[in-house]
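Pasted below: protein_39.cif, mmCIF, C-alpha atoms and all ligand atoms.
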```cif
data_start
loop_
_atom_site.group_PDB
_atom_site.id
_atom_site.type_symbol
_atom_site.label_atom_id
_atom_site.label_comp_id
_atom_site.auth_asym_id
_atom_site.auth_seq_id
_atom_site.Cartn_x
_atom_site.Cartn_y
_atom_site.Cartn_z
ATOM 1 C CA SER A 1 -26.461 -6.308 -42.962
ATOM 2 C CA VAL A 2 -25.604 -2.622 -42.815
ATOM 3 C CA MET A 3 -28.461 -2.139 -40.365
ATOM 4 C CA GLU A 4 -27.057 -4.709 -37.931
ATOM 5 C CA ALA A 5 -23.538 -3.222 -38.258
ATOM 6 C CA ASP A 6 -24.890 0.226 -37.396
ATOM 7 C CA VAL A 7 -26.751 -1.124 -34.374
ATOM 8 C CA GLY A 8 -23.628 -2.963 -33.266
ATOM 9 C CA GLN A 9 -21.535 0.195 -33.497
ATOM 10 C CA ALA A 10 -24.166 2.196 -31.639
ATOM 11 C CA VAL A 11 -24.239 -0.357 -28.843
ATOM 12 C CA GLN A 12 -20.426 -0.336 -28.689
ATOM 13 C CA ALA A 13 -20.369 3.470 -28.496
ATOM 14 C CA PHE A 14 -23.017 3.448 -25.794
ATOM 15 C CA ALA A 15 -21.053 0.889 -23.749
ATOM 16 C CA GLN A 16 -17.929 3.048 -23.991
ATOM 17 C CA THR A 17 -19.903 6.061 -22.806
ATOM 18 C CA VAL A 18 -21.283 4.156 -19.841
ATOM 19 C CA ILE A 19 -17.788 2.953 -18.885
ATOM 20 C CA ALA A 20 -16.375 6.479 -19.199
ATOM 21 C CA LEU A 21 -19.177 7.891 -17.058
ATOM 22 C CA ALA A 22 -18.684 5.143 -14.478
ATOM 23 C CA ALA A 23 -14.943 5.930 -14.308
ATOM 24 C CA LYS A 24 -15.767 9.638 -13.991
ATOM 25 C CA ASN A 25 -18.318 8.831 -11.297
ATOM 26 C CA THR A 26 -15.845 6.680 -9.412
ATOM 27 C CA LEU A 27 -13.270 9.499 -9.523
ATOM 28 C CA ALA A 28 -15.899 12.006 -8.377
ATOM 29 C CA GLU A 29 -17.062 9.495 -5.778
ATOM 30 C CA PHE A 30 -13.479 9.100 -4.546
ATOM 31 C CA ASN A 31 -12.898 12.865 -4.491
ATOM 32 C CA ASN A 32 -16.099 13.644 -2.635
ATOM 33 C CA ALA A 33 -16.472 10.635 -0.332
ATOM 34 C CA PRO A 34 -15.895 10.896 3.412
ATOM 35 C CA GLU A 35 -12.278 9.972 4.221
ATOM 36 C CA ASN A 36 -13.070 6.466 5.523
ATOM 37 C CA GLU A 37 -15.073 5.589 2.392
ATOM 38 C CA ALA A 38 -12.319 6.918 0.117
ATOM 39 C CA LEU A 39 -9.839 4.803 2.084
ATOM 40 C CA ASP A 40 -12.044 1.740 1.632
ATOM 41 C CA LEU A 41 -11.926 2.249 -2.140
ATOM 42 C CA VAL A 42 -8.111 2.160 -2.375
ATOM 43 C CA ALA A 43 -7.066 0.099 0.665
ATOM 44 C CA PRO A 44 -7.408 -3.277 -1.163
ATOM 45 C CA CYS A 45 -4.740 -2.137 -3.674
ATOM 46 C CA VAL A 46 -1.960 -2.762 -1.162
ATOM 47 C CA ALA A 47 -1.751 -3.350 2.600
ATOM 48 C CA ILE A 48 0.341 -0.234 3.239
ATOM 49 C CA SER A 49 -1.899 2.130 5.205
ATOM 50 C CA ALA A 50 0.398 5.155 4.794
ATOM 51 C CA TRP A 51 0.102 4.862 1.009
ATOM 52 C CA ALA A 52 -3.718 4.830 1.058
ATOM 53 C CA GLU A 53 -3.830 7.666 3.611
ATOM 54 C CA SER A 54 -1.474 9.856 1.538
ATOM 55 C CA LEU A 55 -3.497 9.182 -1.605
ATOM 56 C CA VAL A 56 -6.770 10.105 0.110
ATOM 57 C CA ALA A 57 -5.192 13.182 1.695
ATOM 58 C CA ALA A 58 -4.162 14.453 -1.753
ATOM 59 C CA ARG A 59 -7.749 14.644 -3.042
ATOM 60 C CA PRO A 60 -9.323 16.013 -5.184
ATOM 61 C CA PHE A 61 -7.678 14.646 -8.353
ATOM 62 C CA GLN A 62 -8.688 16.187 -11.671
ATOM 63 C CA THR A 63 -8.146 12.957 -13.650
ATOM 64 C CA VAL A 64 -7.586 9.249 -13.017
ATOM 65 C CA ASP A 65 -4.155 9.635 -14.650
ATOM 66 C CA ALA A 66 -3.177 12.333 -12.139
ATOM 67 C CA LEU A 67 -4.298 10.018 -9.342
ATOM 68 C CA LYS A 68 -2.287 7.092 -10.792
ATOM 69 C CA GLN A 69 0.807 9.273 -11.226
ATOM 70 C CA TYR A 70 0.658 10.400 -7.605
ATOM 71 C CA ALA A 71 0.051 6.819 -6.412
ATOM 72 C CA THR A 72 3.098 5.691 -8.422
ATOM 73 C CA GLN A 73 5.202 8.504 -6.964
ATOM 74 C CA LEU A 74 4.195 7.519 -3.422
ATOM 75 C CA ALA A 75 5.144 3.893 -4.136
ATOM 76 C CA GLN A 76 8.699 4.881 -5.129
ATOM 77 C CA ASP A 77 9.452 5.488 -1.438
ATOM 78 C CA TRP A 78 8.646 1.910 -0.394
ATOM 79 C CA GLY A 79 11.400 -0.128 1.239
ATOM 80 C CA ARG A 80 11.772 -3.372 3.182
ATOM 81 C CA ALA A 81 9.292 -2.358 5.881
ATOM 82 C CA GLU A 82 6.549 -1.619 3.354
ATOM 83 C CA LEU A 83 7.319 -4.826 1.463
ATOM 84 C CA ASN A 84 6.921 -6.944 4.581
ATOM 85 C CA GLN A 85 3.773 -5.051 5.582
ATOM 86 C CA ALA A 86 2.235 -5.613 2.136
ATOM 87 C CA LEU A 87 3.091 -9.322 2.030
ATOM 88 C CA THR A 88 0.661 -9.997 4.867
ATOM 89 C CA ALA A 89 -2.113 -9.552 2.262
ATOM 90 C CA HIS A 90 -0.605 -11.507 -0.619
ATOM 91 C CA PRO A 91 -1.128 -15.288 -0.662
ATOM 92 C CA ARG A 92 1.629 -17.497 -2.043
ATOM 93 C CA ILE A 93 1.544 -18.035 -5.764
ATOM 94 C CA GLY A 94 -0.456 -21.144 -6.545
ATOM 95 C CA GLU A 95 -2.173 -21.155 -3.175
ATOM 96 C CA LYS A 96 -5.803 -20.279 -2.637
ATOM 97 C CA ALA A 97 -6.181 -16.801 -1.124
ATOM 98 C CA GLN A 98 -7.249 -17.080 2.518
ATOM 99 C CA GLY A 99 -10.281 -15.237 3.815
ATOM 100 C CA GLU A 100 -13.103 -13.680 1.837
ATOM 101 C CA GLY A 101 -12.008 -10.003 1.753
ATOM 102 C CA LYS A 102 -11.560 -7.846 -1.321
ATOM 103 C CA GLU A 103 -7.806 -8.578 -1.329
ATOM 104 C CA ALA A 104 -8.412 -12.335 -1.462
ATOM 105 C CA GLU A 105 -10.833 -11.827 -4.341
ATOM 106 C CA LEU A 106 -8.289 -9.692 -6.223
ATOM 107 C CA SER A 107 -5.510 -12.236 -5.622
ATOM 108 C CA GLU A 108 -7.762 -15.000 -6.914
ATOM 109 C CA GLY A 109 -8.348 -13.065 -10.137
ATOM 110 C CA GLU A 110 -4.708 -12.117 -10.594
ATOM 111 C CA GLN A 111 -3.607 -15.737 -10.230
ATOM 112 C CA SER A 112 -6.415 -17.105 -12.404
ATOM 113 C CA ALA A 113 -3.957 -18.056 -15.193
ATOM 114 C CA VAL A 114 -2.172 -20.444 -12.806
ATOM 115 C CA ASP A 115 -3.723 -23.835 -13.546
ATOM 116 C CA THR A 116 -4.121 -25.194 -10.039
ATOM 117 C CA GLN A 117 -5.345 -28.496 -11.539
ATOM 118 C CA ASN A 118 -1.857 -29.004 -12.975
ATOM 119 C CA ARG A 119 -0.316 -31.059 -10.181
ATOM 120 C CA ALA A 120 3.258 -30.885 -11.514
ATOM 121 C CA LEU A 121 3.037 -27.083 -11.746
ATOM 122 C CA THR A 122 1.504 -26.564 -8.316
ATOM 123 C CA LEU A 123 4.087 -28.920 -6.788
ATOM 124 C CA ALA A 124 6.947 -27.091 -8.516
ATOM 125 C CA LEU A 125 5.548 -23.728 -7.373
ATOM 126 C CA ALA A 126 5.187 -24.984 -3.801
ATOM 127 C CA GLN A 127 8.758 -26.272 -3.807
ATOM 128 C CA GLY A 128 10.044 -23.034 -5.358
ATOM 129 C CA ASN A 129 8.085 -20.921 -2.865
ATOM 130 C CA ALA A 130 9.535 -22.913 0.034
ATOM 131 C CA LYS A 131 13.081 -22.510 -1.292
ATOM 132 C CA TYR A 132 12.509 -18.782 -1.856
ATOM 133 C CA GLU A 133 11.187 -18.272 1.684
ATOM 134 C CA ALA A 134 14.096 -20.210 3.192
ATOM 135 C CA CYS A 135 16.537 -18.118 1.188
ATOM 136 C CA PHE A 136 14.994 -14.624 1.387
ATOM 137 C CA GLU A 137 12.833 -14.978 4.517
ATOM 138 C CA ARG A 138 9.656 -13.683 2.876
ATOM 139 C CA VAL A 139 6.985 -14.848 0.462
ATOM 140 C CA PHE A 140 7.914 -14.782 -3.245
ATOM 141 C CA LEU A 141 5.997 -11.863 -4.769
ATOM 142 C CA ILE A 142 5.313 -11.505 -8.469
ATOM 143 C CA ARG A 143 2.772 -9.577 -10.520
ATOM 144 C CA ALA A 144 0.788 -12.620 -11.590
ATOM 145 C CA LYS A 145 -1.764 -10.882 -13.826
ATOM 146 C CA GLY A 146 -1.057 -11.643 -17.473
ATOM 147 C CA ARG A 147 1.425 -14.399 -16.653
ATOM 148 C CA SER A 148 0.894 -18.147 -17.107
ATOM 149 C CA GLY A 149 1.842 -20.600 -14.380
ATOM 150 C CA ASP A 150 4.884 -21.662 -16.400
ATOM 151 C CA GLU A 151 6.038 -18.051 -16.827
ATOM 152 C CA ILE A 152 5.681 -17.504 -13.088
ATOM 153 C CA LEU A 153 7.638 -20.706 -12.351
ATOM 154 C CA ALA A 154 10.425 -19.577 -14.706
ATOM 155 C CA GLU A 155 10.563 -16.190 -12.956
ATOM 156 C CA LEU A 156 10.667 -17.926 -9.573
ATOM 157 C CA HIS A 157 13.644 -20.039 -10.666
ATOM 158 C CA ARG A 158 15.418 -17.006 -12.164
ATOM 159 C CA ARG A 159 14.899 -14.916 -9.035
ATOM 160 C CA LEU A 160 16.049 -17.699 -6.685
ATOM 161 C CA ASN A 161 19.558 -17.044 -8.045
ATOM 162 C CA GLN A 162 19.540 -13.319 -7.242
ATOM 163 C CA THR A 163 21.187 -11.662 -4.265
ATOM 164 C CA PRO A 164 19.010 -10.487 -1.335
ATOM 165 C CA ALA A 165 19.554 -6.869 -2.375
ATOM 166 C CA GLU A 166 18.541 -7.561 -5.988
ATOM 167 C CA GLU A 167 15.522 -9.536 -4.803
ATOM 168 C CA GLU A 168 14.343 -6.781 -2.486
ATOM 169 C CA LEU A 169 14.344 -4.312 -5.382
ATOM 170 C CA GLU A 170 12.646 -6.784 -7.705
ATOM 171 C CA ALA A 171 9.956 -7.694 -5.165
ATOM 172 C CA LEU A 172 9.240 -3.992 -4.571
ATOM 173 C CA GLU A 173 8.856 -3.408 -8.315
ATOM 174 C CA GLN A 174 6.422 -6.327 -8.523
ATOM 175 C CA LEU A 175 4.484 -4.918 -5.558
ATOM 176 C CA ARG A 176 4.224 -1.541 -7.327
ATOM 177 C CA GLN A 177 2.929 -3.243 -10.480
ATOM 178 C CA ILE A 178 0.303 -5.223 -8.547
ATOM 179 C CA THR A 179 -0.769 -2.109 -6.665
ATOM 180 C CA LEU A 180 -1.117 0.052 -9.788
ATOM 181 C CA LEU A 181 -3.026 -2.670 -11.650
ATOM 182 C CA ARG A 182 -5.437 -2.897 -8.734
ATOM 183 C CA LEU A 183 -5.785 0.892 -8.608
ATOM 184 C CA GLU A 184 -6.583 0.902 -12.342
ATOM 185 C CA GLY A 185 -9.197 -1.720 -11.599
ATOM 186 C CA VAL A 186 -10.857 0.481 -8.980
ATOM 187 C CA PHE A 187 -11.271 3.389 -11.397
ATOM 188 C CA ALA A 188 -11.949 1.405 -14.557
ATOM 189 C CA GLN A 189 -15.255 -0.063 -13.406
HETATM 190 N N1 LIG B 201 2.765 -14.079 -3.793
HETATM 191 C C1 LIG B 201 2.239 -13.367 -4.825
HETATM 192 O O1 LIG B 201 2.951 -13.002 -5.754
HETATM 193 N N2 LIG B 201 0.899 -13.064 -4.760
HETATM 194 C C2 LIG B 201 0.262 -12.307 -5.725
HETATM 195 N N3 LIG B 201 0.702 -11.869 -6.892
HETATM 196 C C3 LIG B 201 -0.322 -11.153 -7.512
HETATM 197 O O2 LIG B 201 -0.291 -10.625 -8.613
HETATM 198 N N4 LIG B 201 -1.420 -11.170 -6.712
HETATM 199 C C4 LIG B 201 -1.107 -11.857 -5.573
HETATM 200 O O3 LIG B 201 -1.826 -12.092 -4.592
#
```
Turn this file's structure into structure tokens for me.
Ligand SMILES: NC(=O)NC1=NC(=O)NC1=O
Amino acid sequence: SVMEADVGQAVQAFAQTVIALAAKNTLAEFNNAPENEALDLVAPCVAISAWAESLVAARPFQTVDALKQYATQLAQDWGRAELNQALTAHPRIGEKAQGEGKEAELSEGEQSAVDTQNRALTLALAQGNAKYEACFERVFLIRAKGRSGDEILAELHRRLNQTPAEEELEALEQLRQITLLRLEGVFAQ
């Protein structure tokens, strides 16, 4: 009925307001928190301490977009050293994230589309990961959020044929995507 539709819209509008206020609060919280608490908010985005420290040092941010733009700008400077540092906190694709920290929880969520019950897929991913590590001497990194296990496997096979230089650039781009998605998650609550 019209009545129910109106109530539904009102509830929807209210929910949006609450989310907007929460985001605002989180930004205000981030801006005003003591340094160590602000660091704790953004550290799980990527295991590159310099990035989190620079982001916290640049407070206050007027908007979440301004914060995201600065975070993206900082990530453009990443190279091999940052990539290897960050990989310590990223489990292999298809493997259960070790530990119980925030990073493990985030990894779990990002890889949720990978059907770990699918034995053929998990075996193929394990074999591809092993080949990738033998070839490039680091864990295969891909932005898993929004990708099915089959899409990830196809990307793994495609990237196995790239040169080390191409792969370093591609892995860094994937790391930036993962990091920014996680940052969006922090301020979207
Ligand atoms: N090896 C990986 O690619 N790991 C991951 N990709 C994500 O999107 N989250 C991870 O933990």
(request) Given the file shown, enumerate the residues that the PyMOL selection byres (((not hetatm)) within 10 of (chain B and resi 201)) captures and present them as a VMD selection string. (result) chain A and resid 46 87 to 97 103 to 112 129 138 to 147 152 156 171 174 to 175 177 to 179 181 to 182
(request) Determine, counting all atoms listed in the file, which protein, DNA and RNA residues have an atom within 10 Å of an atom of range 58-71 of chain A; residues of the same chain fewer than 3 positions away are not included. Present the result as a list in words. (result)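 Selected residues are Ala23, Lys24, Thr26, Leu27, Ala28, Phe30, Asn31, Asn32, Ala33, Glu35, Ala38, Trp51, Ala52, Glu53, Ser54, Leu55, Leu74, Ala75, Gln76, Arg176, Thr179, Leu180, Leu181, Leu183, Glu184, Phe187 and Ala188 of chain A.
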(request) Would you work out the distance separating CA of Gly128 in chain A from CA of Leu160 in chain A, expressed in Å to one decimal? (result)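 According to the coordinates, CA of Gly128 in chain A and CA of Leu160 in chain A are separated by 8.1 Å.
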(message) Please report the interatomic distance between CA of Glu151 in chain A and CA of Leu125 in chain A in Å with one decimal.
(response)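 For CA of Glu151 in chain A relative to CA of Leu125 in chain A, the distance reads 11.0 Å.
Of note, CA of Glu170 in chain A and CA of Leu39 in chain A are spaced 27.1 Å apart.
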Where is the centre and how long are the edges: axis-aligned box on range 88-100 of chain A, 4 Å on each side, Å to one decimal, as JSON:
```
{"center_x": -5.7, "center_y": -15.4, "center_z": -0.8, "size_x": 22.7, "size_y": 19.6, "size_z": 19.4}
```
(message) If we count only C-alpha atoms and set the cut-off at 9 Å, which residues sit around Arg159 in chain A, ignoring sequence neighbours fewer than 5 positions away in its own chain? Please answer as a PyMOL selection string.
(response) chain A and resi 132+154+166-167+170
(request) Rank A:Lys131, A:Leu123, A:Asp40, A:Leu83 by their smallest atom-to-atom distance to Leu169 in chain A, using only C-alpha atoms, and report the top residue only. (result) A:Leu83
(message) Which residues are close to range 113-116 of chain A, i.e. within 6 Å by all atoms listed in the file, leaving aside same-chain residues fewer than 2 positions away? Reply as a list in words.
(response)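 The contact residues come out as Gln111, Asn118, Ser148 and Gly149 of chain A.
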Incomplete range 175-186 of chain A brought to N, CA and C atoms, written out as a tab-separated table (two decimals), in the coordinates of the input:
```tsv
chain	number	residue	atom	x	y	z
A	175	LEU	N	5.55	-5.42	-6.44
A	175	LEU	CA	4.48	-4.92	-5.56
A	175	LEU	C	3.88	-3.65	-6.15
A	176	ARG	N	4.74	-2.77	-6.71
A	176	ARG	CA	4.22	-1.54	-7.33
A	176	ARG	C	3.33	-1.88	-8.51
A	177	GLN	N	3.74	-2.87	-9.31
A	177	GLN	CA	2.93	-3.24	-10.48
A	177	GLN	C	1.56	-3.79	-10.05
A	178	ILE	N	1.57	-4.65	-9.04
A	178	ILE	CA	0.30	-5.22	-8.55
A	178	ILE	C	-0.60	-4.10	-8.04
A	179	THR	N	-0.01	-3.20	-7.28
A	179	THR	CA	-0.77	-2.11	-6.66
A	179	THR	C	-1.40	-1.22	-7.73
A	180	LEU	N	-0.59	-0.85	-8.74
A	180	LEU	CA	-1.12	0.05	-9.79
A	180	LEU	C	-2.17	-0.65	-10.63
A	181	LEU	N	-2.00	-1.93	-10.90
A	181	LEU	CA	-3.03	-2.67	-11.65
A	181	LEU	C	-4.33	-2.69	-10.87
A	182	ARG	N	-4.23	-2.88	-9.55
A	182	ARG	CA	-5.44	-2.90	-8.73
A	182	ARG	C	-6.09	-1.52	-8.70
A	183	LEU	N	-5.25	-0.48	-8.62
A	183	LEU	CA	-5.78	0.89	-8.61
A	183	LEU	C	-6.51	1.17	-9.92
A	184	GLU	N	-5.91	0.74	-11.04
A	184	GLU	CA	-6.58	0.90	-12.34
A	184	GLU	C	-7.93	0.19	-12.32
A	185	GLY	N	-7.94	-0.97	-11.67
A	185	GLY	CA	-9.20	-1.72	-11.60
A	185	GLY	C	-10.27	-0.97	-10.84
A	186	VAL	N	-9.88	-0.28	-9.78
A	186	VAL	CA	-10.86	0.48	-8.98
A	186	VAL	C	-11.53	1.54	-9.83
```
